file protein39.pdb (PDB, C-alpha atoms)
MODEL        1
ATOM      1  CA  MET M 660      57.243  73.915 171.646
ATOM      2  CA  PRO M 661      60.642  72.444 172.646
ATOM      3  CA  SER M 662      60.816  69.622 175.174
ATOM      4  CA  PRO M 663      61.811  70.420 178.803
ATOM      5  CA  ALA M 664      65.160  68.663 178.311
ATOM      6  CA  TRP M 665      65.888  70.758 175.217
ATOM      7  CA  THR M 666      64.927  73.929 177.081
ATOM      8  CA  ILE M 667      67.271  73.066 179.950
ATOM      9  CA  PHE M 668      70.071  72.291 177.478
ATOM     10  CA  LEU M 669      69.612  75.647 175.736
ATOM     11  CA  LEU M 670      69.528  77.497 179.050
ATOM     12  CA  LEU M 671      72.742  75.809 180.217
ATOM     13  CA  ALA M 672      74.404  76.494 176.863
ATOM     14  CA  PHE M 673      73.471  80.173 177.145
ATOM     15  CA  ILE M 674      74.860  80.393 180.696
ATOM     16  CA  ILE M 675      78.122  78.734 179.656
ATOM     17  CA  ILE M 676      78.541  80.983 176.606
ATOM     18  CA  ALA M 677      77.709  84.122 178.582
ATOM     19  CA  SER M 678      80.081  83.172 181.377
ATOM     20  CA  GLY M 679      82.810  82.255 178.887
ATOM     21  CA  SER M 680      82.413  85.601 177.137
ATOM     22  CA  ARG M 681      82.723  87.382 180.469
ATOM     23  CA  GLN M 682      85.831  85.318 181.276
ATOM     24  CA  VAL M 683      87.474  86.205 177.931
ATOM     25  CA  TYR M 684      86.657  89.889 178.494
ATOM     26  CA  ASN M 685      88.141  89.769 181.997
ATOM     27  CA  ILE M 686      91.333  88.123 180.756
ATOM     28  CA  LEU M 687      91.894  90.272 177.666
ATOM     29  CA  VAL M 688      90.593  93.632 178.834
ATOM     30  CA  ARG M 689      90.801  93.663 182.631
ATOM     31  CA  GLY M 690      93.975  91.561 183.003
ATOM     32  CA  HIS M 691      92.439  88.841 185.190
ATOM     33  CA  ALA M 692      94.026  85.415 185.327
ATOM     34  CA  PRO M 693      92.348  82.560 183.424
ATOM     35  CA  PHE M 694      90.610  79.739 185.274
ATOM     36  CA  ILE M 695      93.307  77.065 185.546
ATOM     37  CA  PHE M 696      93.577  74.497 188.330
ATOM     38  CA  SER M 697      96.708  74.274 190.481
ATOM     39  CA  ARG M 698      98.316  70.864 190.063
ATOM     40  CA  ARG M 699      97.678  68.297 192.795
ATOM     41  CA  ARG M 700     101.398  67.902 193.553
ATOM     42  CA  VAL M 701     101.672  71.681 193.998
ATOM     43  CA  LEU M 702      98.752  71.700 196.436
ATOM     44  CA  THR M 703     100.382  68.857 198.374
ATOM     45  CA  ALA M 704     103.692  70.765 198.534
ATOM     46  CA  VAL M 705     101.936  73.873 199.860
ATOM     47  CA  ILE M 706     100.037  71.848 202.471
ATOM     48  CA  ASN M 707     103.236  70.116 203.572
ATOM     49  CA  ASN M 708     104.923  73.493 204.079
ATOM     50  CA  LEU M 709     102.150  75.120 206.107
ATOM     51  CA  VAL M 710     101.475  74.980 209.808
ATOM     52  CA  LEU M 711      98.398  77.014 210.586
ATOM     53  CA  GLN M 712      97.768  78.086 214.167
ATOM     54  CA  SER M 713      94.256  77.726 215.552
ATOM     55  CA  GLY M 714      92.087  80.687 214.584
ATOM     56  CA  GLU M 715      94.210  81.918 211.689
ATOM     57  CA  VAL M 716      92.442  83.048 208.528
ATOM     58  CA  PHE M 717      93.388  81.768 205.053
ATOM     59  CA  TYR M 718      92.237  83.419 201.796
ATOM     60  CA  GLU M 719      92.489  81.832 198.363
ATOM     61  CA  LEU M 720      92.377  84.681 195.834
ATOM     62  CA  GLY M 721      91.104  83.903 192.357
ATOM     63  CA  ALA M 722      90.124  80.617 193.921
ATOM     64  CA  GLY M 723      88.385  78.964 190.990
ATOM     65  CA  ALA M 724      86.859  75.909 192.653
ATOM     66  CA  ALA M 725      89.268  76.432 195.605
ATOM     67  CA  PRO M 726      91.152  73.123 195.498
ATOM     68  CA  LEU M 727      93.719  74.172 198.108
ATOM     69  CA  THR M 728      91.228  75.803 200.440
ATOM     70  CA  ARG M 729      88.922  72.786 200.276
ATOM     71  CA  ARG M 730      91.739  70.471 201.357
ATOM     72  CA  LEU M 731      92.991  72.812 204.078
ATOM     73  CA  ALA M 732      89.491  73.342 205.493
ATOM     74  CA  LYS M 733      89.263  69.578 206.070
ATOM     75  CA  LEU M 734      92.663  69.477 207.814
ATOM     76  CA  TYR M 735      92.258  72.585 209.958
ATOM     77  CA  GLY M 736      88.795  72.649 211.501
ATOM     78  CA  ASP M 737      89.632  75.517 213.895
ATOM     79  CA  ASN M 738      90.587  77.920 211.133
ATOM     80  CA  LYS M 739      88.560  80.155 208.872
ATOM     81  CA  PHE M 740      88.969  79.833 205.107
ATOM     82  CA  VAL M 741      87.719  82.282 202.515
ATOM     83  CA  ALA M 742      87.612  81.464 198.801
ATOM     84  CA  VAL M 743      87.302  84.550 196.603
ATOM     85  CA  GLU M 744      86.327  84.000 192.955
ATOM     86  CA  TYR M 745      84.997  86.503 190.449
ATOM     87  CA  ALA M 746      83.878  84.193 187.621
ATOM     88  CA  LEU M 747      80.414  82.694 188.075
ATOM     89  CA  LEU M 748      80.916  79.088 186.935
ATOM     90  CA  PRO M 749      84.036  78.308 189.009
ATOM     91  CA  TYR M 750      82.391  80.042 191.969
ATOM     92  CA  LEU M 751      79.255  77.902 191.634
ATOM     93  CA  LEU M 752      81.305  74.735 191.196
ATOM     94  CA  GLY M 753      83.342  75.536 194.293
ATOM     95  CA  ARG M 754      80.223  76.277 196.338
ATOM     96  CA  LEU M 755      78.743  72.967 195.247
ATOM     97  CA  LEU M 756      81.912  71.061 196.186
ATOM     98  CA  THR M 757      82.008  72.625 199.664
ATOM     99  CA  LEU M 758      78.398  72.321 200.775
ATOM    100  CA  GLY M 759      78.289  71.759 204.519
ATOM    101  CA  ARG M 760      81.868  72.911 205.138
ATOM    102  CA  LYS M 761      81.277  75.341 208.014
ATOM    103  CA  ASN M 762      84.798  76.808 208.200
ATOM    104  CA  LEU M 763      84.909  77.752 204.494
ATOM    105  CA  THR M 764      83.193  80.914 203.250
ATOM    106  CA  TRP M 765      82.739  81.837 199.606
ATOM    107  CA  ARG M 766      82.756  85.338 198.131
ATOM    108  CA  GLN M 767      81.921  85.991 194.522
ATOM    109  CA  ALA M 768      83.881  89.199 194.190
ATOM    110  CA  ASP M 769      86.813  90.948 192.613
ATOM    111  CA  PHE M 770      89.491  90.559 195.289
ATOM    112  CA  TYR M 771      90.945  93.960 194.378
ATOM    113  CA  LYS M 772      87.702  95.502 195.646
ATOM    114  CA  ILE M 773      87.268  93.722 198.975
ATOM    115  CA  ASP M 774      88.924  94.167 202.342
ATOM    116  CA  LEU M 775      91.780  91.695 202.787
ATOM    117  CA  SER M 776      92.919  92.883 206.217
ATOM    118  CA  ALA M 777      91.541  89.854 208.125
ATOM    119  CA  ALA M 778      93.780  87.259 206.445
ATOM    120  CA  ASP M 779      96.883  85.706 207.940
ATOM    121  CA  TYR M 780      97.626  83.738 204.760
ATOM    122  CA  PHE M 781      96.943  84.268 201.069
ATOM    123  CA  TYR M 782      97.267  81.757 198.243
ATOM    124  CA  CYS M 783      97.079  82.727 194.582
ATOM    125  CA  PHE M 784      97.761  81.399 191.092
ATOM    126  CA  LEU M 785      97.259  84.490 188.955
ATOM    127  CA  ASN M 786      99.362  86.128 186.222
ATOM    128  CA  VAL M 787     102.052  88.817 185.949
ATOM    129  CA  GLY M 788      99.667  91.777 185.712
ATOM    130  CA  ALA M 789      97.424  90.528 188.490
ATOM    131  CA  MET M 790     100.394  89.995 190.817
ATOM    132  CA  LYS M 791     101.578  93.575 190.297
ATOM    133  CA  LEU M 792      98.170  94.929 191.305
ATOM    134  CA  LEU M 793      97.854  92.461 194.171
ATOM    135  CA  GLU M 794     101.258  93.415 195.564
ATOM    136  CA  ALA M 795     100.216  97.055 195.974
ATOM    137  CA  LYS M 796      96.899  96.072 197.573
ATOM    138  CA  LEU M 797      98.499  93.638 200.032
ATOM    139  CA  LEU M 798     101.198  96.087 201.081
ATOM    140  CA  ALA M 799      98.523  98.732 201.684
ATOM    141  CA  GLU M 800      95.988  96.703 203.662
ATOM    142  CA  ALA M 801      97.111  93.201 204.665
ATOM    143  CA  LYS M 802      98.350  92.361 208.144
ATOM    144  CA  PRO M 803     102.076  93.097 208.410
ATOM    145  CA  ALA M 804     102.812  89.482 209.411
ATOM    146  CA  ALA M 805     100.675  87.922 206.655
ATOM    147  CA  THR M 806     102.142  85.195 204.477
ATOM    148  CA  VAL M 807     101.567  85.222 200.725
ATOM    149  CA  ILE M 808     101.948  81.987 198.783
ATOM    150  CA  SER M 809     102.041  82.307 195.021
ATOM    151  CA  TYR M 810     102.162  79.483 192.533
ATOM    152  CA  VAL M 811     104.393  80.309 189.531
ATOM    153  CA  PHE M 812     104.074  84.117 189.498
ATOM    154  CA  VAL M 813     106.071  86.435 191.760
ATOM    155  CA  LEU M 814     105.282  89.634 193.578
ATOM    156  CA  PRO M 815     107.351  91.888 191.293
ATOM    157  CA  HIS M 816     109.094  94.068 193.892
ATOM    158  CA  CYS M 817     109.385  91.599 196.750
ATOM    159  CA  GLN M 818     111.895  88.934 197.678
ATOM    160  CA  SER M 819     110.457  85.578 198.687
ATOM    161  CA  VAL M 820     111.505  84.053 202.012
ATOM    162  CA  LYS M 821     111.176  80.537 200.602
ATOM    163  CA  THR M 822     110.788  79.061 197.126
ATOM    164  CA  LEU M 823     109.801  75.465 196.524
ATOM    165  CA  SER M 824     110.480  73.692 193.261
ATOM    166  CA  VAL M 825     107.868  71.198 192.139
ATOM    167  CA  GLY M 826     109.182  69.814 188.887
ATOM    168  CA  GLN M 827     109.818  72.863 186.686
ATOM    169  CA  GLU M 828     107.348  75.014 188.610
ATOM    170  CA  LYS M 829     107.957  77.268 191.595
ATOM    171  CA  ILE M 830     105.916  78.113 194.661
ATOM    172  CA  HIS M 831     106.931  81.409 196.254
ATOM    173  CA  PHE M 832     106.381  82.229 199.938
ATOM    174  CA  TYR M 833     106.484  85.859 201.085
ATOM    175  CA  GLN M 834     106.320  87.282 204.595
ATOM    176  CA  LEU M 835     104.945  90.813 204.319
ATOM    177  CA  ASN M 836     106.731  92.086 207.440
ATOM    178  CA  THR M 837     110.119  91.174 205.915
ATOM    179  CA  LEU M 838     109.619  93.070 202.669
ATOM    180  CA  ASP M 839     111.808  96.038 201.911
ATOM    181  CA  ASN M 840     110.288  97.843 198.963
TER     182      ASN M 840
ENDMDL
END

call {"tool": "encode", "arguments": {"input": "protein39.pdb", "output": "structure tokens"}}
result
Amino acid sequence: MPSPAWTIFLLLAFIIIASGSRQVYNILVRGHAPFIFSRRRVLTAVINNLVLQSGEVFYELGAGAAPLTRRLAKLYGDNKFVAVEYALLPYLLGRLLTLGRKNLTWRQADFYKIDLSAADYFYCFLNVGAMKLLEAKLLAEAKPAATVISYVFVLPHCQSVKTLSVGQEKIHFYQLNTLDN
């Protein structure tokens, strides 16, 4: 009979392999973005270019461990933050890192399948295919005045109202009520 430590190791290894297999399937077959952290300097640039009004709602889509949302939730105690992540391990990590944060809610879900109409702001770091699908969903159900902030990837049929350069990388800001598609 294996020792308890060995049993725990095997169980964790199985969970990591199973989750990794699901992640590869989602990337290759379903077109989801891989789990990659936004750079700290990018998060700082976004934070420095945001002024949230009390009560506004901020969603981080494909949040991973929600690095931006975690920082914003500390700065803006009167706002509601929602981190949406589909993959189990990043979701669990994010939940662990935000224990006790009352203004941050987690949803383990596919953001294409949930209602996004409550958000005033969206942040995402996805990929080309995901942005195309997200654009259609946001134009169909998001608030007309919502702001979309995308790191690197653009909404394919929309013109940004502001683009920040952080080194070689771009952060695109969109105002949905100014889009002419």

call {"tool": "closest_residue", "arguments": {"input": "protein39.pdb", "among": "M:Val811, M:Gly714, M:Ala805, M:Pro663", "to": "M:Gly826", "atoms": "only C-alpha atoms"}}
result
M:Val811

call {"tool": "atom_distance", "arguments": {"input": "protein39.pdb", "atom1": "atom CA of M:Leu775", "atom2": "atom CA of M:Glu800"}}
result
6.6 Å

call {"tool": "residues_around", "arguments": {"input": "protein39.pdb", "residues": "stretch 754-758 of chain M", "least_positions_apart": "5", "cutoff": "9 Å", "atoms": "all atoms listed in the file", "output": "number ranges by chain"}}
result
M: 724, 729, 749, 763-765

call {"tool": "closest_residue", "arguments": {"input": "protein39.pdb", "among": "M:Leu814, M:Ala664, M:Val741, M:Ile676", "to": "M:Ala789", "atoms": "only C-alpha atoms"}}
result
M:Leu814

call {"tool": "atom_distance", "arguments": {"input": "protein39.pdb", "atom1": "atom CA of M:Leu709", "atom2": "atom CA of M:Leu835"}}
result
16.0 Å

call {"tool": "residues_around", "arguments": {"input": "protein39.pdb", "residues": "M:Ala768", "least_positions_apart": "4", "cutoff": "9 Å", "atoms": "only C-alpha atoms", "output": "list of chain:residue names"}}
result
M:Val743, M:Glu744, M:Tyr745, M:Ala746, M:Lys772, M:Ile773

call {"tool": "closest_residue", "arguments": {"input": "protein39.pdb", "among": "M:Val820, M:Ile674, M:Val701, M:Leu793", "to": "M:Leu747", "atoms": "all atoms listed in the file"}}
result
M:Ile674

call {"tool": "closest_residue", "arguments": {"input": "protein39.pdb", "among": "M:Tyr750, M:Ile808, M:Ser776, M:Phe784", "to": "M:Lys796", "atoms": "all atoms listed in the file"}}
result
M:Ser776

call {"tool": "atom_distance", "arguments": {"input": "protein39.pdb", "atom1": "atom CA of M:Arg760", "atom2": "atom CA of M:Asn708"}}
result
23.1 Å

call {"tool": "decode", "arguments": {"input": "protein39.pdb", "residues": "stretch 701-825 of chain M", "atoms": "C-alpha atoms", "output": "compact mmCIF listing (two decimals), in the first residue's frame"}}
result
# COMPACT_ATOMS: atom_id res chain seq x y z
CA VAL M 701 0.67 46.10 -18.78
CA LEU M 702 -1.56 45.75 -15.72
CA THR M 703 -0.07 48.95 -14.30
CA ALA M 704 -0.73 50.80 -17.58
CA VAL M 705 -4.36 49.64 -17.61
CA ILE M 706 -4.85 50.67 -13.97
CA ASN M 707 -3.30 54.07 -14.64
CA ASN M 708 -5.72 54.64 -17.52
CA LEU M 709 -8.90 53.67 -15.67
CA VAL M 710 -11.14 55.75 -13.47
CA LEU M 711 -13.98 53.62 -12.22
CA GLN M 712 -17.07 55.31 -10.81
CA SER M 713 -18.55 53.95 -7.60
CA GLY M 714 -20.84 51.00 -8.28
CA GLU M 715 -19.51 50.15 -11.74
CA VAL M 716 -19.01 46.50 -12.62
CA PHE M 717 -15.75 45.15 -14.08
CA TYR M 718 -15.42 41.70 -15.72
CA GLU M 719 -12.13 39.99 -16.51
CA LEU M 720 -12.87 37.42 -19.22
CA GLY M 721 -10.58 34.41 -19.47
CA ALA M 722 -9.25 35.70 -16.19
CA GLY M 723 -6.74 32.98 -15.37
CA ALA M 724 -5.79 33.90 -11.81
CA ALA M 725 -7.26 37.40 -12.42
CA PRO M 726 -4.15 39.53 -11.82
CA LEU M 727 -5.79 42.76 -13.00
CA THR M 728 -9.07 42.19 -11.21
CA ARG M 729 -7.29 41.33 -7.96
CA ARG M 730 -5.39 44.62 -8.04
CA LEU M 731 -8.43 46.67 -9.03
CA ALA M 732 -10.61 45.09 -6.33
CA LYS M 733 -8.12 46.36 -3.73
CA LEU M 734 -8.15 49.89 -5.19
CA TYR M 735 -11.89 50.21 -5.76
CA GLY M 736 -13.77 48.87 -2.76
CA ASP M 737 -17.14 50.27 -3.92
CA ASN M 738 -17.11 48.40 -7.21
CA LYS M 739 -18.05 44.87 -8.15
CA PHE M 740 -15.49 42.69 -9.93
CA VAL M 741 -16.19 39.41 -11.67
CA ALA M 742 -13.42 37.05 -12.79
CA VAL M 743 -14.59 34.51 -15.36
CA GLU M 744 -12.30 31.52 -16.02
CA TYR M 745 -13.11 28.23 -17.70
CA ALA M 746 -9.99 26.19 -16.87
CA LEU M 747 -10.05 24.54 -13.44
CA LEU M 748 -6.49 25.10 -12.20
CA PRO M 749 -6.26 28.85 -12.93
CA TYR M 750 -9.76 29.25 -11.49
CA LEU M 751 -8.77 27.47 -8.27
CA LEU M 752 -5.54 29.44 -8.01
CA GLY M 753 -7.41 32.71 -8.47
CA ARG M 754 -10.01 31.76 -5.87
CA LEU M 755 -7.24 30.92 -3.43
CA LEU M 756 -5.48 34.24 -4.04
CA THR M 757 -8.68 36.23 -3.46
CA LEU M 758 -10.07 34.60 -0.34
CA GLY M 759 -11.85 37.21 1.75
CA ARG M 760 -12.13 39.76 -1.07
CA LYS M 761 -15.83 40.63 -0.79
CA ASN M 762 -16.11 42.76 -3.95
CA LEU M 763 -14.64 40.07 -6.24
CA THR M 764 -16.80 37.19 -7.48
CA TRP M 765 -15.50 34.16 -9.34
CA ARG M 766 -17.31 32.22 -12.05
CA GLN M 767 -15.93 29.03 -13.49
CA ALA M 768 -17.66 29.26 -16.83
CA ASP M 769 -17.29 29.72 -20.55
CA PHE M 770 -17.83 33.46 -20.93
CA TYR M 771 -19.51 32.91 -24.31
CA LYS M 772 -22.30 31.13 -22.44
CA ILE M 773 -23.00 33.57 -19.61
CA ASP M 774 -24.86 36.86 -19.48
CA LEU M 775 -22.46 39.79 -19.78
CA SER M 776 -25.06 42.56 -19.70
CA ALA M 777 -24.23 43.74 -16.15
CA ALA M 778 -20.66 44.85 -16.91
CA ASP M 779 -19.50 48.41 -17.44
CA TYR M 780 -15.94 47.30 -18.23
CA PHE M 781 -14.37 44.19 -19.73
CA TYR M 782 -10.71 43.19 -19.76
CA CYS M 783 -9.37 40.32 -21.84
CA PHE M 784 -6.13 38.79 -23.09
CA LEU M 785 -7.38 36.16 -25.51
CA ASN M 786 -6.47 35.30 -29.12
CA VAL M 787 -7.64 36.21 -32.63
CA GLY M 788 -10.42 33.61 -32.84
CA ALA M 789 -11.69 34.30 -29.35
CA MET M 790 -11.84 38.05 -30.01
CA LYS M 791 -13.95 37.52 -33.13
CA LEU M 792 -16.50 35.50 -31.15
CA LEU M 793 -16.37 37.90 -28.21
CA GLU M 794 -16.99 40.91 -30.45
CA ALA M 795 -20.30 39.48 -31.68
CA LYS M 796 -21.38 38.56 -28.14
CA LEU M 797 -20.52 41.98 -26.70
CA LEU M 798 -22.28 43.87 -29.49
CA ALA M 799 -25.38 41.72 -28.94
CA GLU M 800 -25.66 41.88 -25.15
CA ALA M 801 -23.26 44.29 -23.43
CA LYS M 802 -24.32 47.72 -22.22
CA PRO M 803 -24.03 50.24 -25.05
CA ALA M 804 -21.65 52.42 -23.00
CA ALA M 805 -19.42 49.52 -21.88
CA THR M 806 -15.67 49.80 -22.26
CA VAL M 807 -13.65 46.86 -23.57
CA ILE M 808 -9.94 46.70 -22.82
CA SER M 809 -7.96 44.13 -24.76
CA TYR M 810 -4.31 43.30 -24.32
CA VAL M 811 -2.59 42.57 -27.66
CA PHE M 812 -5.57 41.28 -29.67
CA VAL M 813 -8.13 43.54 -31.36
CA LEU M 814 -11.85 43.36 -31.87
CA PRO M 815 -11.68 42.61 -35.61
CA HIS M 816 -14.40 44.96 -36.89
CA CYS M 817 -14.10 47.77 -34.37
CA GLN M 818 -11.92 50.84 -34.11
CA SER M 819 -10.33 51.46 -30.72
CA VAL M 820 -10.82 54.85 -29.05
CA LYS M 821 -7.40 54.63 -27.42
CA THR M 822 -4.34 52.42 -27.86
CA LEU M 823 -1.50 52.33 -25.36
CA SER M 824 1.94 51.07 -26.26
CA VAL M 825 3.80 49.21 -23.54
